[in-house]
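Peer 1: Contents are mmCIF, C-alpha atoms; file name target25.cif:
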data_work
#
loop_
_atom_site.label_atom_id
_atom_site.label_comp_id
_atom_site.auth_asym_id
_atom_site.auth_seq_id
_atom_site.Cartn_x
_atom_site.Cartn_y
_atom_site.Cartn_z
CA MET A 1 -23.87 -11.38 48.15
CA LYS A 2 -23.50 -7.62 48.14
CA ARG A 3 -19.72 -8.02 48.22
CA SER A 4 -19.80 -10.42 45.29
CA ILE A 5 -21.78 -7.96 43.19
CA SER A 6 -19.37 -5.16 44.06
CA PHE A 7 -16.49 -7.43 43.13
CA LEU A 8 -18.09 -8.31 39.81
CA LEU A 9 -18.78 -4.65 39.04
CA LEU A 10 -15.18 -3.80 39.82
CA PHE A 11 -13.97 -6.58 37.50
CA VAL A 12 -16.07 -5.29 34.63
CA ALA A 13 -14.87 -1.73 35.32
CA VAL A 14 -11.26 -2.92 35.09
CA LEU A 15 -11.94 -4.59 31.75
CA PHE A 16 -13.48 -1.42 30.38
CA ALA A 17 -10.57 0.62 31.68
CA ALA A 18 -8.26 -1.67 29.74
CA GLY A 19 -10.07 -0.86 26.51
CA TRP A 20 -12.56 -3.72 26.24
CA LYS A 21 -15.84 -2.70 24.70
CA LEU A 22 -19.06 -4.50 24.03
CA PRO A 23 -18.95 -6.22 20.69
CA ASP A 24 -20.97 -4.60 17.92
CA MET A 25 -23.61 -6.70 16.23
CA GLY A 26 -21.69 -7.17 12.99
CA ASN A 27 -18.68 -8.67 14.68
CA LEU A 28 -20.74 -10.65 17.12
CA THR A 29 -22.62 -12.39 14.35
CA GLY A 30 -19.31 -13.20 12.71
CA SER A 31 -18.12 -14.93 15.86
CA ILE A 32 -21.07 -17.26 16.09
CA GLY A 33 -20.14 -20.08 13.79
CA SER A 34 -23.59 -21.57 13.46
CA ALA A 35 -25.43 -18.33 12.82
CA GLY A 36 -26.17 -19.21 9.25
CA LYS A 37 -24.71 -18.45 5.85
CA VAL A 38 -26.52 -15.13 5.27
CA VAL A 39 -25.19 -13.58 8.46
CA ASP A 40 -21.74 -15.02 7.76
CA THR A 41 -21.61 -13.52 4.28
CA VAL A 42 -22.59 -10.09 5.56
CA SER A 43 -19.85 -10.05 8.15
CA LYS A 44 -17.27 -11.36 5.65
CA ALA A 45 -18.06 -8.54 3.23
CA SER A 46 -16.57 -6.10 5.69
CA ARG A 47 -13.07 -7.40 4.99
CA SER A 48 -11.24 -5.17 2.54
CA ILE A 49 -8.88 -6.35 -0.19
CA SER A 50 -5.51 -7.19 1.33
CA GLU A 51 -2.05 -5.96 0.31
CA ASP A 52 -1.12 -9.25 -1.36
CA GLU A 53 -4.41 -9.46 -3.23
CA GLU A 54 -3.89 -5.89 -4.45
CA TYR A 55 -0.46 -6.98 -5.66
CA TYR A 56 -1.87 -9.87 -7.74
CA VAL A 57 -4.49 -7.59 -9.30
CA GLY A 58 -1.74 -5.04 -10.05
CA ARG A 59 0.45 -7.66 -11.74
CA ALA A 60 -2.36 -8.62 -14.08
CA VAL A 61 -3.09 -4.95 -14.88
CA ALA A 62 0.64 -4.46 -15.57
CA ALA A 63 0.61 -7.46 -17.91
CA MET A 64 -2.35 -5.94 -19.79
CA ILE A 65 -0.54 -2.60 -20.12
CA LEU A 66 2.49 -4.43 -21.51
CA ASP A 67 0.22 -6.04 -24.05
CA LYS A 68 -0.88 -2.59 -25.25
CA TYR A 69 2.49 -0.81 -25.15
CA ALA A 70 6.01 -1.85 -26.11
CA PHE A 71 8.39 -2.40 -23.19
CA SER A 72 11.65 -0.46 -23.14
CA THR A 73 14.80 -2.39 -22.35
CA ASP A 74 16.92 0.74 -21.82
CA VAL A 75 18.78 -0.29 -18.67
CA ASN A 76 20.18 3.16 -17.79
CA ILE A 77 16.91 5.07 -17.99
CA THR A 78 15.04 2.28 -16.20
CA TRP A 79 17.59 2.28 -13.38
CA TYR A 80 17.50 6.08 -13.10
CA VAL A 81 13.68 6.20 -12.98
CA ASN A 82 13.69 3.46 -10.33
CA LEU A 83 16.06 5.49 -8.14
CA ILE A 84 13.88 8.61 -8.36
CA GLY A 85 10.66 6.66 -7.84
CA LYS A 86 11.90 4.60 -4.92
CA ASP A 87 13.24 7.71 -3.22
CA ILE A 88 9.85 9.44 -3.46
CA ALA A 89 8.04 6.28 -2.35
CA LEU A 90 10.01 6.35 0.91
CA SER A 91 8.64 9.85 1.55
CA SER A 92 5.09 8.79 0.73
CA ASP A 93 2.27 7.81 3.07
CA LYS A 94 2.77 4.22 1.93
CA PRO A 95 6.47 3.43 1.67
CA ASN A 96 5.73 -0.30 1.89
CA THR A 97 3.58 -2.31 -0.46
CA TYR A 98 3.46 -6.13 -0.61
CA ASN A 99 6.33 -6.40 -3.09
CA GLY A 100 7.61 -2.81 -3.11
CA TYR A 101 7.60 -0.19 -5.85
CA HIS A 102 8.90 -0.96 -9.32
CA PHE A 103 9.14 1.31 -12.33
CA GLY A 104 9.05 0.25 -15.96
CA ILE A 105 9.46 2.29 -19.14
CA LEU A 106 7.05 2.10 -22.06
CA ASN A 107 8.68 2.53 -25.43
CA THR A 108 6.19 4.97 -26.91
CA GLU A 109 6.21 8.68 -27.70
CA GLU A 110 2.70 8.95 -26.27
CA ILE A 111 2.80 11.09 -23.11
CA ASN A 112 1.51 8.85 -20.37
CA ALA A 113 2.08 7.20 -16.99
CA PHE A 114 0.15 4.47 -15.19
CA ALA A 115 0.04 3.33 -11.57
CA CYS A 116 -0.89 -0.33 -11.16
CA PRO A 117 -2.28 -1.34 -7.76
CA GLY A 118 0.40 -2.74 -5.47
CA GLY A 119 3.30 -0.59 -6.63
CA THR A 120 4.24 -1.09 -10.29
CA ILE A 121 4.37 2.17 -12.21
CA PHE A 122 4.87 2.65 -15.93
CA ILE A 123 6.04 5.85 -17.54
CA SER A 124 6.33 6.39 -21.28
CA MET A 125 9.47 7.58 -23.06
CA GLY A 126 7.33 10.45 -24.39
CA MET A 127 6.60 11.60 -20.84
CA ILE A 128 10.23 11.23 -19.76
CA ARG A 129 11.39 13.28 -22.76
CA MET A 130 8.77 15.94 -22.09
CA ALA A 131 10.20 16.58 -18.60
CA ALA A 132 12.77 19.36 -18.59
CA ASN A 133 14.73 18.09 -15.60
CA GLU A 134 14.87 15.50 -12.80
CA ASP A 135 12.50 17.47 -10.55
CA GLU A 136 9.80 17.49 -13.23
CA LEU A 137 10.22 13.76 -13.80
CA ALA A 138 10.03 13.28 -10.01
CA ALA A 139 6.77 15.30 -9.99
CA VAL A 140 5.16 12.90 -12.49
CA LEU A 141 6.28 9.86 -10.48
CA ALA A 142 5.10 11.47 -7.20
CA HIS A 143 1.63 11.89 -8.72
CA GLU A 144 1.53 8.19 -9.69
CA ILE A 145 2.81 7.07 -6.28
CA ALA A 146 0.03 9.16 -4.72
CA HIS A 147 -2.53 7.13 -6.71
CA ILE A 148 -1.07 3.94 -5.24
CA ALA A 149 -0.89 5.31 -1.69
CA ASN A 150 -4.49 6.54 -2.01
CA ARG A 151 -5.51 3.11 -3.40
CA ASP A 152 -7.27 4.80 -6.32
CA GLY A 153 -6.71 1.92 -8.74
CA ILE A 154 -7.90 -0.88 -6.49
CA SER A 155 -10.96 1.11 -5.42
CA ALA A 156 -12.18 0.88 -9.03
CA ILE A 157 -13.17 -2.75 -8.40
CA LYS A 158 -16.93 -2.96 -8.15
CA ASN A 159 -18.18 -3.78 -4.64
CA SER A 160 -20.36 -6.59 -5.95
CA ARG A 161 -17.28 -8.47 -7.22
CA TRP A 162 -15.59 -8.34 -3.85
CA THR A 163 -18.69 -9.43 -1.99
CA GLU A 164 -18.93 -12.37 -4.40
CA ALA A 165 -15.25 -13.21 -3.87
CA LEU A 166 -15.68 -13.19 -0.10
CA THR A 167 -18.57 -15.62 -0.39
CA VAL A 168 -16.45 -18.04 -2.45
CA MET A 169 -13.58 -17.83 0.02
CA GLY A 170 -15.63 -19.15 2.92
CA THR A 171 -14.36 -19.07 6.46
CA GLU A 172 -12.44 -22.34 6.54
CA ALA A 173 -8.74 -22.09 7.25
CA ALA A 174 -7.83 -24.12 4.14
CA LYS A 175 -6.02 -21.99 1.59
CA LYS A 176 -6.15 -24.42 -1.33
CA TYR A 177 -9.31 -24.20 -3.37
CA GLY A 178 -11.11 -26.89 -5.30
CA PRO A 179 -11.41 -26.56 -9.11
CA GLN A 180 -14.90 -25.04 -8.90
CA GLU A 181 -13.89 -22.38 -6.37
CA VAL A 182 -10.77 -21.54 -8.40
CA ALA A 183 -12.85 -21.14 -11.56
CA GLN A 184 -15.22 -18.81 -9.70
CA LEU A 185 -12.37 -16.78 -8.23
CA VAL A 186 -10.60 -16.52 -11.61
CA SER A 187 -13.80 -15.18 -13.13
CA ILE A 188 -14.08 -12.55 -10.36
CA PHE A 189 -10.35 -11.82 -10.74
CA GLU A 190 -10.83 -11.19 -14.48
CA GLY A 191 -13.69 -8.81 -13.79
CA SER A 192 -11.67 -6.97 -11.15
CA ILE A 193 -8.70 -6.53 -13.50
CA GLU A 194 -11.03 -5.21 -16.17
CA ASP A 195 -12.49 -2.65 -13.70
CA VAL A 196 -9.03 -1.42 -12.74
CA PHE A 197 -7.62 -1.43 -16.29
CA LYS A 198 -10.56 0.60 -17.58
CA THR A 199 -10.04 3.21 -14.90
CA VAL A 200 -6.24 3.38 -15.04
CA VAL A 201 -5.77 3.19 -18.80
CA THR A 202 -8.99 4.06 -20.61
CA LYS A 203 -11.35 6.22 -18.56
CA GLY A 204 -9.04 7.75 -16.00
CA TYR A 205 -9.68 8.47 -12.32
CA SER A 206 -12.25 10.96 -11.13
CA ARG A 207 -11.43 14.67 -11.13
CA SER A 208 -11.31 14.72 -7.34
CA GLN A 209 -8.95 11.70 -7.25
CA GLU A 210 -6.63 13.51 -9.69
CA HIS A 211 -6.71 16.70 -7.66
CA THR A 212 -5.98 14.80 -4.46
CA ALA A 213 -3.10 12.95 -6.15
CA ASP A 214 -1.63 16.31 -7.26
CA GLU A 215 -1.91 17.74 -3.76
CA THR A 216 -0.41 14.58 -2.26
CA ALA A 217 2.42 14.71 -4.81
CA LEU A 218 3.38 18.21 -3.62
CA LYS A 219 3.75 16.83 -0.10
CA TYR A 220 5.91 13.90 -1.24
CA LEU A 221 8.12 16.16 -3.37
CA GLU A 222 8.73 18.54 -0.51
CA LYS A 223 9.44 15.71 1.93
CA SER A 224 11.92 14.04 -0.40
CA GLY A 225 13.78 17.28 -1.18
CA TYR A 226 12.55 17.87 -4.74
CA ASN A 227 11.13 21.20 -5.81
CA PRO A 228 7.31 20.92 -5.48
CA ALA A 229 6.87 23.76 -8.01
CA ALA A 230 8.17 21.33 -10.66
CA LEU A 231 4.67 19.80 -10.74
CA ILE A 232 3.25 23.14 -11.89
CA ASP A 233 5.98 23.35 -14.55
CA VAL A 234 5.04 19.90 -15.93
CA LEU A 235 1.35 20.77 -15.93
CA LYS A 236 2.06 24.00 -17.82
CA ARG A 237 3.98 22.03 -20.41
CA LEU A 238 1.06 19.57 -20.67
CA SER A 239 -1.47 22.38 -21.01
CA SER A 240 0.14 23.42 -24.27
CA ARG A 241 -1.05 20.12 -25.74
CA ASP A 242 -4.71 19.46 -26.34
CA SER A 243 -6.72 16.32 -25.68
CA SER A 244 -6.49 15.26 -29.31
CA SER A 245 -2.85 14.38 -28.55
CA GLY A 246 -4.20 11.33 -26.68
CA GLY A 247 -2.35 9.74 -23.78
CA ILE A 248 -2.54 11.46 -20.42
CA MET A 249 -4.50 14.41 -21.84
CA GLN A 250 -7.38 12.06 -22.58
CA THR A 251 -7.60 10.43 -19.16
CA HIS A 252 -6.81 13.41 -16.92
CA PRO A 253 -8.66 16.65 -16.21
CA ALA A 254 -7.48 19.65 -18.22
CA SER A 255 -4.02 20.70 -17.05
CA GLN A 256 -5.23 24.27 -16.52
CA ASP A 257 -7.88 22.96 -14.13
CA ARG A 258 -5.21 21.03 -12.22
CA ILE A 259 -2.97 24.11 -12.05
CA GLU A 260 -5.86 26.17 -10.67
CA ASN A 261 -6.56 23.50 -8.07
CA LEU A 262 -2.95 23.74 -6.87
CA SER A 263 -3.07 27.51 -6.67
CA GLY A 264 -1.83 28.61 -3.25
CA LYS A 265 -1.04 25.02 -2.24
CA VAL A 266 2.54 24.74 -3.48
CA PRO A 267 4.88 24.80 -0.48
CA SER A 268 7.47 27.53 -0.80
CA ILE A 269 10.84 25.99 -0.22
CA LYS A 270 14.28 27.36 -0.85
CA VAL A 271 15.78 25.44 -3.74
CA ASP A 272 19.55 25.29 -3.70
CA PRO A 273 20.67 26.00 -7.32
CA LYS A 274 23.78 23.89 -6.76
CA TRP A 275 21.72 20.75 -6.12
CA LEU A 276 19.19 21.60 -8.82
CA GLN A 277 22.09 21.76 -11.26
CA ALA A 278 23.54 18.48 -9.99
CA ARG A 279 20.19 16.75 -10.55
CA SER A 280 19.77 18.35 -13.99
CA PHE A 281 23.24 17.17 -14.91
CA ARG A 282 22.49 13.51 -14.14
CA PHE A 283 19.09 13.84 -15.86
CA ASN A 284 20.69 15.13 -19.07
CA ASN A 285 23.47 12.61 -18.78
CA THR A 286 21.07 9.66 -18.49
CA LEU A 287 18.80 10.88 -21.26
CA LYS A 288 21.73 11.94 -23.41
CA LYS A 289 20.20 15.39 -23.88
CA MET B 1 -10.62 -10.47 53.93
CA LYS B 2 -9.90 -6.90 52.91
CA LYS B 3 -6.29 -7.90 52.15
CA HIS B 4 -7.43 -10.72 49.85
CA PHE B 5 -9.75 -8.37 48.08
CA ILE B 6 -6.96 -5.83 47.41
CA ILE B 7 -4.60 -8.55 46.13
CA THR B 8 -7.28 -9.91 43.82
CA VAL B 9 -8.03 -6.44 42.46
CA PHE B 10 -4.30 -5.86 41.91
CA ILE B 11 -3.90 -9.12 39.97
CA ILE B 12 -6.91 -8.37 37.79
CA THR B 13 -5.77 -4.81 37.13
CA VAL B 14 -2.25 -5.81 36.12
CA PHE B 15 -2.55 -9.20 34.47
CA VAL B 16 -5.97 -9.35 32.82
CA PRO B 17 -5.25 -6.44 30.44
CA LEU B 18 -1.88 -7.98 29.62
CA LEU B 19 -3.44 -11.33 28.77
CA LEU B 20 -6.28 -9.81 26.80
CA PHE B 21 -4.28 -7.23 24.93
CA ALA B 22 -0.82 -8.68 24.38
CA GLU B 23 -0.15 -6.83 21.13
CA SER B 24 1.40 -8.50 18.15
CA VAL B 25 1.75 -7.30 14.59
CA THR B 26 1.86 -9.39 11.43
CA VAL B 27 4.11 -8.66 8.46
CA ILE B 28 2.00 -7.90 5.36
CA THR B 29 4.81 -7.41 2.84
CA LYS B 30 6.64 -10.21 1.02
CA GLU B 31 9.89 -9.33 2.77
CA ASN B 32 10.94 -6.62 5.17
CA ALA B 33 13.43 -5.77 7.86
CA VAL B 34 13.59 -4.96 11.54
CA ARG B 35 16.03 -2.05 11.73
CA GLU B 36 18.34 -0.92 14.49
CA TYR B 37 16.64 2.47 14.79
CA CYS B 38 13.52 4.00 13.27
CA LYS B 39 14.93 5.15 9.92
CA PHE B 40 14.77 3.51 6.47
CA PHE B 41 18.52 3.31 6.04
CA ALA B 42 19.27 2.06 9.55
CA PRO B 43 21.23 -1.23 9.78
CA VAL B 44 19.12 -4.37 9.48
CA LYS B 45 18.84 -6.41 12.68
CA ALA B 46 16.55 -9.13 11.33
CA LYS B 47 14.88 -9.99 8.06
CA VAL B 48 11.18 -10.79 8.22
CA LYS B 49 8.77 -12.38 5.77
CA TYR B 50 5.05 -12.19 5.01
CA ASN B 51 2.92 -13.42 7.91
CA ASP B 52 5.75 -13.37 10.47
CA LYS B 53 4.43 -12.36 13.88
CA LEU B 54 6.30 -9.64 15.77
CA ASP B 55 5.80 -8.55 19.38
CA MET B 56 4.96 -4.89 19.47
CA LEU B 57 6.78 -2.98 22.17
CA SER B 58 5.86 0.63 21.46
CA GLN B 59 5.12 3.15 18.73
CA GLN B 60 7.44 5.94 17.66
CA GLY B 61 5.83 8.17 15.05
CA ASP B 62 5.28 6.12 11.89
CA TRP B 63 7.37 3.25 13.25
CA PHE B 64 6.72 0.37 15.60
CA LYS B 65 9.36 -0.86 18.01
CA VAL B 66 9.11 -4.62 17.81
CA ARG B 67 10.75 -7.85 18.89
CA PHE B 68 11.28 -10.73 16.46
CA MET B 69 13.03 -13.84 17.72
CA LYS B 70 15.72 -12.23 19.86
CA ALA B 71 16.11 -9.08 17.78
CA GLU B 72 14.58 -5.79 18.88
CA GLY B 73 14.28 -2.88 16.51
CA CYS B 74 11.97 -0.81 14.32
CA ILE B 75 9.64 -1.58 11.46
CA HIS B 76 7.55 0.93 9.54
CA LYS B 77 3.84 0.85 10.38
CA THR B 78 2.87 0.25 6.72
CA ALA B 79 4.77 -3.06 6.67
CA VAL B 80 2.64 -4.65 9.36
CA GLU B 81 -0.93 -5.10 10.38
CA SER B 82 -1.94 -4.72 13.97
CA LYS B 83 -3.66 -7.66 15.61
CA THR B 84 -4.80 -8.21 19.15
CA ALA B 85 -4.02 -11.65 20.53
CA SER B 86 -7.17 -12.15 22.52
CA LEU B 87 -7.78 -15.09 24.79
CA THR B 88 -11.48 -14.58 24.51
CA SER B 89 -13.56 -15.56 21.54
CA ILE B 90 -15.50 -12.30 21.65
CA PRO B 91 -14.38 -9.95 18.92
CA LEU B 92 -13.59 -6.38 19.86
CA SER B 93 -15.60 -3.53 18.53
CA GLY B 94 -14.29 -0.12 17.58
CA SER B 95 -10.95 -1.68 16.73
CA SER B 96 -10.12 0.20 13.57
CA GLY B 97 -6.79 -0.93 12.16
CA ARG B 98 -7.02 -4.23 13.99
CA VAL B 99 -7.79 -7.50 12.32
CA SER B 100 -10.91 -9.28 13.49
CA GLU B 101 -10.90 -13.06 13.88
CA ASN B 102 -13.00 -13.33 10.77
CA GLU B 103 -10.48 -11.24 8.80
CA ALA B 104 -7.62 -13.29 10.19
CA ALA B 105 -9.31 -16.48 9.00
CA LEU B 106 -9.46 -15.01 5.49
CA ALA B 107 -5.85 -13.80 5.40
CA GLY B 108 -3.87 -15.31 2.54
CA LYS B 109 -7.06 -16.26 0.75
CA GLY B 110 -8.93 -14.71 -2.16
CA PHE B 111 -6.68 -13.59 -5.02
CA THR B 112 -3.79 -15.91 -4.29
CA PRO B 113 -0.88 -17.30 -6.34
CA GLN B 114 -3.16 -20.26 -7.07
CA VAL B 115 -5.73 -17.92 -8.65
CA GLU B 116 -3.01 -16.09 -10.60
CA ALA B 117 -1.64 -19.40 -11.89
CA SER B 118 -5.07 -20.43 -13.15
CA TYR B 119 -5.61 -17.02 -14.72
CA ARG B 120 -2.23 -17.23 -16.48
CA ALA B 121 -3.01 -20.71 -17.74
CA LYS B 122 -6.26 -19.36 -19.16
CA HIS B 123 -4.49 -16.33 -20.73
CA PRO B 124 -1.09 -17.52 -21.96
CA GLU B 125 -0.82 -14.41 -24.16
CA MET B 126 -0.42 -12.14 -21.10
CA LYS B 127 3.14 -10.86 -20.81
CA TYR B 128 3.78 -11.80 -17.21
CA TYR B 129 7.43 -12.47 -18.02
CA LEU B 130 7.85 -8.72 -18.61
CA VAL B 131 6.12 -7.90 -15.33
CA ASP B 132 8.58 -10.26 -13.61
CA LYS B 133 11.38 -8.37 -15.34
CA VAL B 134 10.12 -5.04 -13.98
CA GLU B 135 9.82 -6.52 -10.48
CA ALA B 136 13.31 -7.99 -10.67
CA ILE B 137 14.94 -4.53 -10.57
CA ASN B 138 16.46 -4.37 -7.14
CA VAL B 139 17.76 -1.07 -5.79
CA SER B 140 19.84 -1.57 -2.67
CA ASP B 141 19.76 0.74 0.36
CA LYS B 142 23.33 1.69 -0.47
CA ASP B 143 22.53 2.69 -4.08
CA LEU B 144 19.51 4.69 -3.01
CA ALA B 145 21.31 6.48 -0.17
CA LEU B 146 24.09 7.44 -2.59
CA PHE B 147 21.59 8.73 -5.15
CA ILE B 148 19.87 10.83 -2.47
CA ASN B 149 23.13 12.30 -1.22
CA ASN B 150 24.50 13.04 -4.70
CA GLY B 151 21.31 14.90 -5.61
CA GLY B 152 21.11 16.94 -2.40
CA LEU B 153 17.83 15.24 -1.52
CA LYS B 154 16.50 14.44 1.96
CA GLN B 155 16.89 11.03 3.56
CA PRO B 156 13.46 10.07 4.94
#
Would you put the structure from the file into structure tokens?

Peer 2:
Amino acid sequence: MKRSISFLLLFVAVLFAAGWKLPDMGNLTGSIGSAGKVVDTVSKASRSISEDEEYYVGRAVAAMILDKYAFSTDVNITWYVNLIGKDIALSSDKPNTYNGYHFGILNTEEINAFACPGGTIFISMGMIRMAANEDELAAVLAHEIAHIANRDGISAIKNSRWTEALTVMGTEAAKKYGPQEVAQLVSIFEGSIEDVFKTVVTKGYSRSQEHTADETALKYLEKSGYNPAALIDVLKRLSSRDSSSGGIMQTHPASQDRIENLSGKVPSIKVDPKWLQARSFRFNNTLKK
Amino acid sequence: MKKHFIITVFIITVFVPLLLFAESVTVITKENAVREYCKFFAPVKAKVKYNDKLDMLSQQGDWFKVRFMKAEGCIHKTAVESKTASLTSIPLSGSSGRVSENEAALAGKGFTPQVEASYRAKHPEMKYYLVDKVEAINVSDKDLALFINNGGLKQP
């Protein structure tokens, strides 16, 4: 008997050594199928929005942005912006999204840029023209990529919507919904898109989210080989415009505030003038400056 | 008796953790690639799709060394989700970054193509065709590598 107990204790010790831990109550309740709907809903609410769901929300937000702004069909500028953006994305904390990063140009002189959840980024012709060189354009894109990597857009969805969505989903393995469930999910989807659109396009992110995105952008620029100080240059250029100009000045904290936040945080790197010139040359060439 | 006891302990120590914690990862991007070595521009050894299961062999920085079919190579950690293939029905606690059984059951549900299709039918004015146009821009590894080199930038 004594030997059996010792043996059992040893077995449990081995399991713990291998990393097995006692289940917490939340997970345990989730594993008991007959525990009741209330318990089930609580445990389901712990599941966060997935990459593919973020992508579908982002597509709808992108479609709404394209309803508000004209879409540019300039193939050369679009291709060039995609090359810069995709390069920076590879140096980001989130080089992979469900369907990758894509960059579109908005045919407006308004100075603006938007990051849709999932990886689609829009930048206006006004913003592109405001940049003095490729490194400054890269700085703007790095800031937007940081919003995606930090999941700032998708986090604008109200918690109550997601909890409701999780309840509709149920725990069954079936992936096809009945008409009633689809109608409910579409309604929640609409609300979620509205939450994100309001934040991305109308209200803007919080001051701390913007500051974090700036700081993250510096990191991405340095890692990808662009001059991180170019972000300060763009912000200085923006600070000469006031909020009555609309666009990015309306949805972002004052540029001076952003510059102050970055004070002492810009990595000092040696910029090779030869490469800076090469990048400026292709920038001017593409934009026909 | 002592010999049997030692053998039993050895079997438990070696095989039970293997059975309980055989690690697999699931692809969470639409498409991706298992690469020869752990760099973005490394040659592709196998193409993988959303929900493909890969055997995880080890971790190297931000990359996982994995096996898919017969191909072994690297995939970036942000392209996959870690999941423990457990033979028990007891979920694991403290498993941040792992998918619980409940989460696994909900994968591929929620805001799905079916929901998007219904939303689009309800809002035919939405310019999804332009979104598709933006997403159709495909920059190859070769184009991007050339752009990086010509601009004196760093290959990640």

Peer 1: Give me the residues near region 217-225 of chain A as a list of chain:residue names, where near means some atom within 6 Å (using only C-alpha atoms) and where sequence neighbours in that chain fewer than 6 positions away do not count.

Peer 2: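 Listing them by chain and then by number gives A:Ile88, A:Ser91, A:Ser92, A:Ala142, A:His143, B:Leu153, B:Lys154.
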
Peer 1: Go ahead and compute the interatomic distance for CA of Gly152 (chain B) and CA of Ala131 (chain A), in Å to one decimal.

Peer 2: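 Straight-line distance from CA of Gly152 (chain B) to CA of Ala131 (chain A) works out to 19.5 Å.
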
Peer 1: Please indicate the distance in Å from CA of Lys265 (chain A) to CA of Thr212 (chain A), rounded to one decimal place.

Peer 2: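 Between these atoms lies a distance of 11.6 Å.
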
Peer 1: Between CA of Thr286 (chain A) and CA of Arg258 (chain A), measure the distance and give it in Å to one decimal.

Peer 2: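 It comes out at 29.3 Å.
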
Peer 1: Applying 9 Å and all atoms listed in the file, which residues near Gln60 (chain B) remain after dropping the ones on its own chain fewer than 3 positions away? List them as JSON, numbers by chain.

Peer 2: {"B": [38, 63, 64, 65, 74]}

Peer 1: Which residues, named as in the file, does the PyMOL selection byres ((chain B and resi 41-46) around 10) pick out? Answer as a ChimeraX atom specification.

Peer 2: /B:32-40,47-48,67-74,141-142,144-145,155-156

Peer 1: With distances taken over all atoms listed in the file, which residue among B:Lys109, B:Lys133, B:Lys122, B:Lys30 lies nearest Ala79 (chain B)?

Peer 2: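 Distance minimum relative to Ala79 (chain B) lands on B:Lys30.
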
Peer 1: I'd like to know which of B:Leu146, B:Val134, B:Val80, B:Leu54 is closest to chain A, using only C-alpha atoms.

Peer 2: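 Smallest separation from chain A among the options: B:Val134.
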
Peer 1: Please determine, counting only C-alpha atoms, which residue among A:Leu137, A:Val182, A:Ala132, A:Val266 has the shortest atom-to-atom distance to chain B.

Peer 2: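 Of A:Leu137, A:Val182, A:Ala132, A:Val266, the one nearest chain B, counting only C-alpha atoms, is A:Val182.
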
Peer 1: Tell me which residues the PyMOL selection byres ((chain A and resi 261) around 12) grabs here, as an MDAnalysis selection string.

Peer 2: chainID A and resid 207:208 210:215 232 235 253:260 262:266

Peer 1: Please determine, counting only C-alpha atoms, which residue among B:Lys53, B:Ser140, B:Asn149, B:Val115 has the shortest atom-to-atom distance to chain A.

Peer 2: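 Under the stated criterion, the closest residue is B:Val115.
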
Peer 1: Just the residues within 9 Å of region 52-63 of chain A, please, counting only C-alpha atoms, with nothing from its chain fewer than 6 positions along; format it as a compact mmCIF listing (two decimals) with C-alpha atoms, in the frame of the given file.

Peer 2:
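Output contents, as saved in part21.txt:
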# COMPACT_ATOMS: atom_id res chain seq x y z
CA THR A 97 3.58 -2.31 -0.46
CA TYR A 98 3.46 -6.13 -0.61
CA ASN A 99 6.33 -6.40 -3.09
CA PHE A 114 0.15 4.47 -15.19
CA ALA A 115 0.04 3.33 -11.57
CA CYS A 116 -0.89 -0.33 -11.16
CA PRO A 117 -2.28 -1.34 -7.76
CA GLY A 118 0.40 -2.74 -5.47
CA GLY A 119 3.30 -0.59 -6.63
CA THR A 120 4.24 -1.09 -10.29
CA ILE A 121 4.37 2.17 -12.21
CA PHE A 122 4.87 2.65 -15.93
CA GLY A 153 -6.71 1.92 -8.74
CA ILE A 154 -7.90 -0.88 -6.49
CA PHE A 189 -10.35 -11.82 -10.74
CA GLU A 190 -10.83 -11.19 -14.48
CA SER A 192 -11.67 -6.97 -11.15
CA ILE A 193 -8.70 -6.53 -13.50
CA GLU A 194 -11.03 -5.21 -16.17
CA VAL A 196 -9.03 -1.42 -12.74
CA PHE A 197 -7.62 -1.43 -16.29
CA VAL A 200 -6.24 3.38 -15.04
CA ILE B 28 2.00 -7.90 5.36
CA THR B 29 4.81 -7.41 2.84
CA LYS B 30 6.64 -10.21 1.02
CA GLY B 108 -3.87 -15.31 2.54
CA LYS B 109 -7.06 -16.26 0.75
CA GLY B 110 -8.93 -14.71 -2.16
CA PHE B 111 -6.68 -13.59 -5.02
CA THR B 112 -3.79 -15.91 -4.29
CA PRO B 113 -0.88 -17.30 -6.34
CA VAL B 115 -5.73 -17.92 -8.65
CA GLU B 116 -3.01 -16.09 -10.60
CA ARG B 120 -2.23 -17.23 -16.48
CA MET B 126 -0.42 -12.14 -21.10
CA LYS B 127 3.14 -10.86 -20.81
CA TYR B 128 3.78 -11.80 -17.21
CA TYR B 129 7.43 -12.47 -18.02
CA LEU B 130 7.85 -8.72 -18.61
CA VAL B 131 6.12 -7.90 -15.33
CA ASP B 132 8.58 -10.26 -13.61

Peer 1: Quick one: which residues end up in the PyMOL selection byres ((chain B and resi 139) around 12) for this structure, as a ChimeraX atom specification?

Peer 2: /A:78-87,100-103 /B:134-138,140-147

Peer 1: Compare B:Glu31, B:Glu125, B:Glu81, B:Glu23 by their minimum atom-to-atom distance to Met56 (chain B), counting only C-alpha atoms, and give me the closest one.

Peer 2: B:Glu23

Peer 1: Tell me which protein, DNA and RNA residues are within 7 Å of Asp195 (chain A), counting all atoms listed in the file, leaving out same-chain ones fewer than 4 positions away, and put them as a short mmCIF file (atom, residue, chain, number, x, y, z; two decimals) with C-alpha atoms, in the coordinates of the input.

Peer 2:
data_model
loop_
_atom_site.label_atom_id
_atom_site.label_comp_id
_atom_site.auth_asym_id
_atom_site.auth_seq_id
_atom_site.Cartn_x
_atom_site.Cartn_y
_atom_site.Cartn_z
CA ALA A 156 -12.18 0.88 -9.03
CA ILE A 157 -13.17 -2.75 -8.40
CA GLY A 191 -13.69 -8.81 -13.79
CA THR A 199 -10.04 3.21 -14.90
#
